[in-house]
Amino acid sequence: MSRLLRVELRRLRHRRLVLVAHLAVLVVAGLALFAAWDGLQPLSPAESADAERFYAEAVQEWEENGAEQVAECEEQEAEERERTGDDTLDFACEAQEPQREWFFPVVPPLGQLLPELLGAAALVLTLAGLGIGGTSTAAELSTRSMSTWLTFEPRRLRVYASKVGAAALGVVPMAVVTLALLAGGTAALYAVEGASTALTGPGSGGLVLRALRVVVLTVAAATAGAALGILLRHTAAVLGAVLGWLVVVEAILVTQVPVLSLVSVRVNALGWVEGGTSYYTQTCSPGPQGTVCDGVEHVIEIGHSAAVLGVGLVVLVALAAAVFRRRDEG
Amino acid sequence: MAAPEEFAITTRGLRKTYRTRRGRHVAVDDLSLRVPVGGVHGFLGPNGSGKTTTIRMLLGLVRADSGHMRLFGRTVPDALPEVIGRVGAIVESPTFFPAFSGRLNLELLAGAIGAPRTRVDEVLEEVGLRERGGDRYSGYSLGMKQRLAIAATLLKQPDLLIFDEPTNGLDPAGIHEIRGTMRALADGGRTVLVSSHILGEVEQVADTVSIVAHGRLLATGTLADVVGKRTAAARVVVPDTAAARAVLVAAGMTVEDDGDALRVLGEADPGRITWALAQGGIFLRELVPLRAGLEAAFLELTGEAPAPDGGGPPAASAATGTATATGTTGTGTPGVTV
């Protein structure tokens, strides 16, 4: 088994599409680093002048109409307090006065930027993992080289396990290097540009754990891709199925029926990376001014997300194994 | 009756059907096959006769609906993992990763069976691809691809080699080369099963043959058994063909023109021809007995093959190894395709 796994890893390393996927991920990571560097640069004289002008215009507007805006805001606040019976509601009406820093970009703390970068990296790595996993198995079926392979190793479940295992293991270096590049590169840019490298800010805690969860998600995506490749036999079919799922299920069904977020791959993948997430439903009730709807937040714990993704992956892998074991090849 | 271990391949009552839009298609129907250990065994049949499906079932690529199969006495597909190391196979056109070099393709296969990398060099050398091993597979000619496939089968140093239509698309030189390779492998003590619909390539190299059509076995045995030892025709050169024709027809023979000569059909005894002509006062210039070829036997047998859903003669009657070609003559011209 380990021999087959080694061979499959070697085969994966030589696949051109895999190399392209790695390069694409690195390019995206490079662009993210460039964006981070760009955010650290001081404004040009022209940009500063523009910002000063916009600030002055906003102050002038506030001086002319600010009192009226505050009064209107306080009126709405009062109405809402009356409707909900919650006297603690605060619309922060006085805080509308323009502040100078609003018009001049502030460098986000490293501890705030890194979780955002990891979230973006998770999306890219997941898609790359799916593609690499899919092409690793589908290409063998579409080129019919699987038949040749099976005349050397006819134990299909071993073959299947080695191919899916190789796809899963094969993306680990890509994920680790990408995340290390993003985290290390961003920290280095902050240090070079003289910005604070202190890991403070929301989401800064557990950065390493979050990065590990991104790696696990990438591995799961590659595993799912490999299983889909076995089932669908063509890389294009795998990519088409993923795209179809994203559009039909994630973008349309889950949006229309928010409770489906509980089993949504996208929502639960987000919950897994973020350490939990939430979705919203609306509760509508008749009021004196007509039907009033309130958004209700439903928290999805990370354990739930892990269970949904894990069970889904196991079912997919088992289904593909059963099909591959019995299917006629060649 | 030989013990099963004397056969490299045995099948009994093998059956495989495929679902198609028009219902079920019987690809292999009650096929019982025996391929003796050693020598080249030709597995012949028209396109779509079930040869490739049979080979795929033997290799575990396709599941049989029913029946039994053995490789070197071991039941397959159950015991395939134990016996596959003794079997090298090319099923239809060779299939490798097009973007990989020939050498890398072989190294991956060698890695799967634990063969050392030096073995890759050996087999590349053996098939004459050592210099081109580093080239991308997609850049190989058809003949090179076929040779690489043979090299792959040799990685295992197998006792049984299965070549499914190995000369498809090859030029005459390539066909000659593959034929030589098969003969050399058999002479080296290996068993070679070669499936083909090109009779000439098999006739020149096979020791034994099996003929199938519509998934059923029609004849099997040594080439001599299947073709028949008798002459099926004779070419007669005489000064006066018209007179000779009249004499021979009067003697009850079937005669047709053959250029400047005559061809006497279905006559096994040249003596009868010379005697009849002598009786007619005609001097014989030349008499060439034409041995019935595999092509003739093949055409006759497959022409009689029952349709899958029809009646027709039972396969068993034709599978006795005594079938011979009659009524049609041929010389087994290489490359004749049916």
# chains A, B, ... in the order shown; residues from 1 in each chain; ligands from 1
>>> interface_residues(of="chain A", to="chain B", cutoff="8 Å", atoms="only C-alpha atoms", output="list in words")
Arg3, Leu4, Val7, Arg10, Arg11, His14, Arg15, Arg16, Glu140, Thr143, Arg144, Ser145, Ser147, Thr148, Trp149, Leu150, Thr151, Phe152, Glu153, Pro154, Arg155, Arg326, Arg327, Asp328, Glu329 and Gly330 of chain A
>>> write_last_selection(atoms="C-alpha atoms", output="PDB file, in the first residue's frame")
ATOM      1  CA  ARG A   3       4.473   1.521  -2.324  1.00  0.00           C
ATOM      2  CA  LEU A   4       1.380   2.391  -4.315  1.00  0.00           C
ATOM      3  CA  VAL A   7       4.040   5.923  -6.822  1.00  0.00           C
ATOM      4  CA  ARG A  10       5.235  10.740  -7.739  1.00  0.00           C
ATOM      5  CA  ARG A  11       2.671  10.629 -10.515  1.00  0.00           C
ATOM      6  CA  HIS A  14       4.614  15.137 -12.497  1.00  0.00           C
ATOM      7  CA  ARG A  15       1.115  16.149 -13.583  1.00  0.00           C
ATOM      8  CA  ARG A  16       1.180  19.413 -15.490  1.00  0.00           C
ATOM      9  CA  GLU A 140      -6.470   8.308 -15.493  1.00  0.00           C
ATOM     10  CA  THR A 143      -7.088   8.561 -20.804  1.00  0.00           C
ATOM     11  CA  ARG A 144      -7.902   4.915 -19.951  1.00  0.00           C
ATOM     12  CA  SER A 145      -4.496   4.496 -18.367  1.00  0.00           C
ATOM     13  CA  SER A 147      -6.883  -0.090 -17.293  1.00  0.00           C
ATOM     14  CA  THR A 148      -3.157  -0.483 -17.714  1.00  0.00           C
ATOM     15  CA  TRP A 149      -2.689   0.304 -14.032  1.00  0.00           C
ATOM     16  CA  LEU A 150      -5.218  -2.320 -12.975  1.00  0.00           C
ATOM     17  CA  THR A 151      -3.387  -4.975 -14.958  1.00  0.00           C
ATOM     18  CA  PHE A 152      -0.486  -4.330 -12.596  1.00  0.00           C
ATOM     19  CA  GLU A 153      -2.485  -3.969  -9.375  1.00  0.00           C
ATOM     20  CA  PRO A 154      -5.943  -5.512  -9.652  1.00  0.00           C
ATOM     21  CA  ARG A 155      -6.916  -4.904  -6.002  1.00  0.00           C
ATOM     22  CA  ARG A 326     -17.605  -2.819  -9.177  1.00  0.00           C
ATOM     23  CA  ARG A 327     -17.426  -0.724 -12.324  1.00  0.00           C
ATOM     24  CA  ASP A 328     -16.202  -2.125 -15.635  1.00  0.00           C
ATOM     25  CA  GLU A 329     -13.060  -0.326 -16.762  1.00  0.00           C
ATOM     26  CA  GLY A 330     -11.408   0.054 -20.102  1.00  0.00           C
TER      27      GLY A 330
END
>>> residues_around(residues="Arg15 (chain B)", least_positions_apart="4", cutoff="7 Å", atoms="only C-alpha atoms", output="NGL selection string")
:B and (28-31 or 64-67)
>>> select_by_dssp(residues="region 144-302 of chain A", states="helix (DSSP H, G or I)", output="number ranges by chain")
A: 145-150, 156-170, 172-192, 207-232, 235-256, 258-263, 265-274, 302
>>> write_last_selection(atoms="C-alpha atoms", output="mmCIF file, in the first residue's frame")
data_model
loop_
_atom_site.group_PDB
_atom_site.id
_atom_site.type_symbol
_atom_site.label_atom_id
_atom_site.label_comp_id
_atom_site.auth_asym_id
_atom_site.auth_seq_id
_atom_site.Cartn_x
_atom_site.Cartn_y
_atom_site.Cartn_z
ATOM 1 C CA SER A 145 -4.496 4.496 -18.367
ATOM 2 C CA MET A 146 -6.393 3.155 -15.352
ATOM 3 C CA SER A 147 -6.883 -0.090 -17.293
ATOM 4 C CA THR A 148 -3.157 -0.483 -17.714
ATOM 5 C CA TRP A 149 -2.689 0.304 -14.032
ATOM 6 C CA LEU A 150 -5.218 -2.320 -12.975
ATOM 7 C CA ARG A 156 -9.194 -2.022 -6.709
ATOM 8 C CA LEU A 157 -9.756 -0.793 -3.191
ATOM 9 C CA ARG A 158 -6.006 -0.554 -2.688
ATOM 10 C CA VAL A 159 -5.678 1.331 -5.935
ATOM 11 C CA TYR A 160 -8.529 3.600 -4.936
ATOM 12 C CA ALA A 161 -7.129 4.242 -1.471
ATOM 13 C CA SER A 162 -3.678 5.025 -2.852
ATOM 14 C CA LYS A 163 -5.037 7.462 -5.411
ATOM 15 C CA VAL A 164 -7.356 9.280 -3.021
ATOM 16 C CA GLY A 165 -4.688 9.214 -0.318
ATOM 17 C CA ALA A 166 -2.099 10.654 -2.678
ATOM 18 C CA ALA A 167 -4.448 13.476 -3.662
ATOM 19 C CA ALA A 168 -5.071 14.249 0.007
ATOM 20 C CA LEU A 169 -1.414 14.156 1.014
ATOM 21 C CA GLY A 170 -0.227 15.803 -2.178
ATOM 22 C CA VAL A 172 -0.493 19.477 2.105
ATOM 23 C CA PRO A 173 2.791 21.097 0.991
ATOM 24 C CA MET A 174 0.867 23.518 -1.211
ATOM 25 C CA ALA A 175 -1.402 24.554 1.652
ATOM 26 C CA VAL A 176 1.387 24.825 4.213
ATOM 27 C CA VAL A 177 3.709 26.781 1.926
ATOM 28 C CA THR A 178 0.922 29.135 0.824
ATOM 29 C CA LEU A 179 -0.181 29.880 4.370
ATOM 30 C CA ALA A 180 3.392 30.267 5.582
ATOM 31 C CA LEU A 181 4.125 32.582 2.681
ATOM 32 C CA LEU A 182 1.076 34.705 3.423
ATOM 33 C CA ALA A 183 1.623 34.904 7.171
ATOM 34 C CA GLY A 184 5.384 35.229 7.060
ATOM 35 C CA GLY A 185 5.350 37.559 4.079
ATOM 36 C CA THR A 186 2.735 39.866 5.571
ATOM 37 C CA ALA A 187 4.559 40.016 8.925
ATOM 38 C CA ALA A 188 7.811 40.734 7.097
ATOM 39 C CA LEU A 189 6.153 43.529 5.097
ATOM 40 C CA TYR A 190 4.797 45.080 8.299
ATOM 41 C CA ALA A 191 8.235 44.896 9.867
ATOM 42 C CA VAL A 192 9.971 46.384 6.834
ATOM 43 C CA LEU A 207 -4.142 31.984 14.267
ATOM 44 C CA VAL A 208 -2.107 28.803 14.116
ATOM 45 C CA LEU A 209 -5.173 26.695 14.803
ATOM 46 C CA ARG A 210 -7.067 28.565 12.115
ATOM 47 C CA ALA A 211 -4.245 27.947 9.650
ATOM 48 C CA LEU A 212 -4.278 24.255 10.543
ATOM 49 C CA ARG A 213 -7.998 24.132 9.890
ATOM 50 C CA VAL A 214 -7.382 25.667 6.451
ATOM 51 C CA VAL A 215 -4.855 22.909 5.745
ATOM 52 C CA VAL A 216 -7.367 20.263 6.846
ATOM 53 C CA LEU A 217 -10.040 21.847 4.651
ATOM 54 C CA THR A 218 -7.656 21.754 1.668
ATOM 55 C CA VAL A 219 -6.963 18.075 2.311
ATOM 56 C CA ALA A 220 -10.695 17.370 2.554
ATOM 57 C CA ALA A 221 -11.307 19.235 -0.710
ATOM 58 C CA ALA A 222 -8.617 17.218 -2.509
ATOM 59 C CA THR A 223 -10.091 13.994 -1.127
ATOM 60 C CA ALA A 224 -13.553 14.993 -2.280
ATOM 61 C CA GLY A 225 -12.152 16.007 -5.671
ATOM 62 C CA ALA A 226 -10.426 12.637 -6.095
ATOM 63 C CA ALA A 227 -13.627 10.793 -5.200
ATOM 64 C CA LEU A 228 -15.598 12.952 -7.621
ATOM 65 C CA GLY A 229 -12.975 12.256 -10.288
ATOM 66 C CA ILE A 230 -13.535 8.531 -9.831
ATOM 67 C CA LEU A 231 -17.295 8.968 -10.047
ATOM 68 C CA LEU A 232 -17.425 11.411 -12.957
ATOM 69 C CA THR A 235 -11.801 16.668 -14.877
ATOM 70 C CA ALA A 236 -14.206 18.946 -16.737
ATOM 71 C CA ALA A 237 -17.143 16.997 -15.305
ATOM 72 C CA VAL A 238 -15.743 17.418 -11.785
ATOM 73 C CA LEU A 239 -15.310 21.154 -12.246
ATOM 74 C CA GLY A 240 -18.765 21.378 -13.824
ATOM 75 C CA ALA A 241 -20.332 19.492 -10.928
ATOM 76 C CA VAL A 242 -18.617 21.770 -8.395
ATOM 77 C CA LEU A 243 -19.695 24.879 -10.277
ATOM 78 C CA GLY A 244 -23.246 23.550 -10.604
ATOM 79 C CA TRP A 245 -23.378 22.801 -6.891
ATOM 80 C CA LEU A 246 -22.138 26.289 -6.025
ATOM 81 C CA VAL A 247 -24.723 27.959 -8.243
ATOM 82 C CA VAL A 248 -27.764 25.763 -7.700
ATOM 83 C CA VAL A 249 -27.368 24.691 -4.097
ATOM 84 C CA GLU A 250 -25.184 27.291 -2.435
ATOM 85 C CA ALA A 251 -26.177 30.438 -4.301
ATOM 86 C CA ILE A 252 -29.845 29.742 -5.007
ATOM 87 C CA LEU A 253 -31.234 27.100 -2.627
ATOM 88 C CA VAL A 254 -29.395 28.165 0.504
ATOM 89 C CA THR A 255 -30.210 31.810 -0.155
ATOM 90 C CA GLN A 256 -33.886 31.051 -0.662
ATOM 91 C CA PRO A 258 -31.688 29.926 4.845
ATOM 92 C CA VAL A 259 -32.170 26.955 7.156
ATOM 93 C CA LEU A 260 -30.322 24.893 4.540
ATOM 94 C CA SER A 261 -27.236 26.755 5.750
ATOM 95 C CA LEU A 262 -27.059 24.032 8.376
ATOM 96 C CA VAL A 263 -26.013 21.546 5.689
ATOM 97 C CA VAL A 265 -20.892 23.031 2.288
ATOM 98 C CA ARG A 266 -19.914 26.675 1.816
ATOM 99 C CA VAL A 267 -21.393 27.864 5.114
ATOM 100 C CA ASN A 268 -19.956 24.963 7.070
ATOM 101 C CA ALA A 269 -16.561 25.336 5.415
ATOM 102 C CA LEU A 270 -16.636 28.955 6.539
ATOM 103 C CA GLY A 271 -17.727 27.850 10.004
ATOM 104 C CA TRP A 272 -14.875 25.361 10.122
ATOM 105 C CA VAL A 273 -12.259 27.940 9.180
ATOM 106 C CA GLU A 274 -13.677 30.775 11.299
ATOM 107 C CA ILE A 302 -17.573 24.641 14.714
#
>>> select_by_dssp(residues="region 42-159 of chain B", states="strand (DSSP E or B)", output="list of chain:residue names")
B:Gly42, B:Phe43, B:Leu44, B:Ser66, B:Gly67, B:His68, B:Met69, B:Arg70, B:Leu71, B:Arg74, B:Thr75, B:Val76, B:Val87, B:Gly88, B:Ala89, B:Ile90, B:Ser101, B:Arg136
>>> write_last_selection(atoms="all heavy atoms", output="short mmCIF file (atom, residue, chain, number, x, y, z; two decimals), in the first residue's frame")
data_model
loop_
_atom_site.label_atom_id
_atom_site.label_comp_id
_atom_site.auth_asym_id
_atom_site.auth_seq_id
_atom_site.Cartn_x
_atom_site.Cartn_y
_atom_site.Cartn_z
N GLY B 42 -3.55 -17.91 -31.11
CA GLY B 42 -4.31 -16.87 -31.79
C GLY B 42 -5.76 -16.90 -31.34
O GLY B 42 -6.39 -17.95 -31.34
N PHE B 43 -6.24 -15.74 -30.95
CA PHE B 43 -7.63 -15.62 -30.50
C PHE B 43 -8.33 -14.78 -31.56
O PHE B 43 -8.19 -13.56 -31.60
CB PHE B 43 -7.63 -14.94 -29.13
CG PHE B 43 -8.97 -14.94 -28.43
CD1 PHE B 43 -9.89 -15.96 -28.61
CD2 PHE B 43 -9.29 -13.93 -27.55
CE1 PHE B 43 -11.10 -15.96 -27.94
CE2 PHE B 43 -10.50 -13.91 -26.87
CZ PHE B 43 -11.40 -14.92 -27.07
N LEU B 44 -9.04 -15.46 -32.45
CA LEU B 44 -9.51 -14.80 -33.67
C LEU B 44 -11.01 -14.60 -33.68
O LEU B 44 -11.76 -15.42 -33.16
CB LEU B 44 -9.13 -15.67 -34.87
CG LEU B 44 -7.65 -16.01 -35.01
CD1 LEU B 44 -7.46 -17.03 -36.11
CD2 LEU B 44 -6.87 -14.76 -35.29
N SER B 66 -21.56 -14.51 -15.70
CA SER B 66 -21.52 -15.88 -15.18
C SER B 66 -20.37 -16.62 -15.84
O SER B 66 -19.75 -16.12 -16.79
CB SER B 66 -22.85 -16.60 -15.48
OG SER B 66 -23.08 -16.63 -16.87
N GLY B 67 -20.09 -17.79 -15.33
CA GLY B 67 -19.01 -18.59 -15.89
C GLY B 67 -17.79 -18.61 -14.99
O GLY B 67 -17.76 -17.96 -13.94
N HIS B 68 -16.81 -19.38 -15.41
CA HIS B 68 -15.59 -19.55 -14.61
C HIS B 68 -14.37 -19.23 -15.46
O HIS B 68 -14.34 -19.54 -16.64
CB HIS B 68 -15.50 -20.99 -14.10
CG HIS B 68 -16.68 -21.38 -13.27
ND1 HIS B 68 -16.77 -21.10 -11.93
CD2 HIS B 68 -17.85 -21.99 -13.60
CE1 HIS B 68 -17.94 -21.53 -11.46
NE2 HIS B 68 -18.61 -22.07 -12.46
N MET B 69 -13.37 -18.67 -14.82
CA MET B 69 -12.12 -18.35 -15.53
C MET B 69 -10.96 -18.76 -14.64
O MET B 69 -11.01 -18.60 -13.41
CB MET B 69 -12.01 -16.83 -15.78
CG MET B 69 -13.07 -16.25 -16.65
SD MET B 69 -12.89 -14.45 -16.76
CE MET B 69 -13.54 -13.92 -15.20
N ARG B 70 -9.92 -19.26 -15.27
CA ARG B 70 -8.70 -19.59 -14.53
C ARG B 70 -7.49 -19.10 -15.30
O ARG B 70 -7.44 -19.19 -16.52
CB ARG B 70 -8.57 -21.11 -14.34
CG ARG B 70 -9.51 -21.67 -13.28
CD ARG B 70 -9.43 -23.19 -13.26
NE ARG B 70 -10.30 -23.75 -12.26
CZ ARG B 70 -9.93 -24.03 -11.00
NH1 ARG B 70 -8.68 -23.81 -10.62
NH2 ARG B 70 -10.79 -24.53 -10.15
N LEU B 71 -6.52 -18.61 -14.54
CA LEU B 71 -5.21 -18.28 -15.10
C LEU B 71 -4.20 -19.15 -14.38
O LEU B 71 -4.11 -19.09 -13.14
CB LEU B 71 -4.87 -16.79 -14.88
CG LEU B 71 -5.67 -15.78 -15.70
CD1 LEU B 71 -5.36 -14.35 -15.25
CD2 LEU B 71 -5.38 -15.92 -17.19
N ARG B 74 -5.52 -20.87 -11.39
CA ARG B 74 -6.08 -20.09 -10.28
C ARG B 74 -7.34 -19.38 -10.76
O ARG B 74 -7.36 -18.77 -11.83
CB ARG B 74 -5.08 -19.04 -9.78
CG ARG B 74 -3.72 -19.60 -9.40
CD ARG B 74 -3.80 -20.55 -8.21
NE ARG B 74 -4.42 -19.93 -7.07
CZ ARG B 74 -3.77 -19.20 -6.16
NH1 ARG B 74 -2.46 -19.02 -6.28
NH2 ARG B 74 -4.41 -18.67 -5.15
N THR B 75 -8.37 -19.48 -9.93
CA THR B 75 -9.64 -18.87 -10.30
C THR B 75 -9.55 -17.36 -10.26
O THR B 75 -9.10 -16.78 -9.27
CB THR B 75 -10.75 -19.34 -9.33
OG1 THR B 75 -10.81 -20.77 -9.39
CG2 THR B 75 -12.10 -18.77 -9.73
N VAL B 76 -9.94 -16.75 -11.36
CA VAL B 76 -9.97 -15.29 -11.40
C VAL B 76 -11.42 -14.84 -11.61
O VAL B 76 -12.22 -15.59 -12.16
CB VAL B 76 -9.06 -14.74 -12.54
CG1 VAL B 76 -7.62 -14.99 -12.23
CG2 VAL B 76 -9.44 -15.31 -13.90
N VAL B 87 1.28 -12.31 -15.46
CA VAL B 87 0.54 -11.95 -16.68
C VAL B 87 0.87 -10.52 -17.10
O VAL B 87 0.73 -9.58 -16.32
CB VAL B 87 -0.99 -12.05 -16.44
CG1 VAL B 87 -1.75 -11.72 -17.72
CG2 VAL B 87 -1.36 -13.44 -15.94
N GLY B 88 1.31 -10.37 -18.33
CA GLY B 88 1.49 -9.04 -18.90
C GLY B 88 0.48 -8.87 -20.01
O GLY B 88 0.26 -9.80 -20.79
N ALA B 89 -0.16 -7.71 -20.06
CA ALA B 89 -1.25 -7.57 -21.04
C ALA B 89 -1.27 -6.20 -21.68
O ALA B 89 -1.00 -5.19 -21.04
CB ALA B 89 -2.59 -7.83 -20.35
N ILE B 90 -1.58 -6.21 -22.96
CA ILE B 90 -1.92 -4.96 -23.66
C ILE B 90 -3.36 -5.13 -24.11
O ILE B 90 -3.66 -6.02 -24.90
CB ILE B 90 -1.06 -4.75 -24.91
CG1 ILE B 90 0.42 -4.79 -24.57
CG2 ILE B 90 -1.41 -3.44 -25.58
CD1 ILE B 90 1.30 -4.73 -25.82
N SER B 101 6.98 11.08 -20.03
CA SER B 101 7.88 10.38 -20.95
C SER B 101 7.58 8.88 -20.89
O SER B 101 6.96 8.39 -19.93
CB SER B 101 9.33 10.63 -20.55
OG SER B 101 9.61 9.98 -19.32
N ARG B 136 8.49 12.52 -24.63
CA ARG B 136 7.11 12.51 -24.18
C ARG B 136 6.31 11.45 -24.95
O ARG B 136 6.45 11.34 -26.17
CB ARG B 136 6.52 13.89 -24.41
CG ARG B 136 5.37 14.22 -23.53
CD ARG B 136 4.90 15.62 -23.78
NE ARG B 136 5.48 16.53 -22.81
CZ ARG B 136 5.13 17.79 -22.72
NH1 ARG B 136 4.25 18.28 -23.55
NH2 ARG B 136 5.67 18.57 -21.81
#
>>> residues_around(residues="region 69-81 of chain A", least_positions_apart="6", cutoff="7 Å", atoms="only C-alpha atoms", output="list in words")
Asp87, Leu89, Asp90, Phe91, Cys93 and Glu94 of chain A
>>> residues_around(residues="Gly287 (chain A)", least_positions_apart="3", cutoff="12 Å", atoms="only C-alpha atoms", output="ChimeraX atom specification")
/A:80,82-84,284,290-294
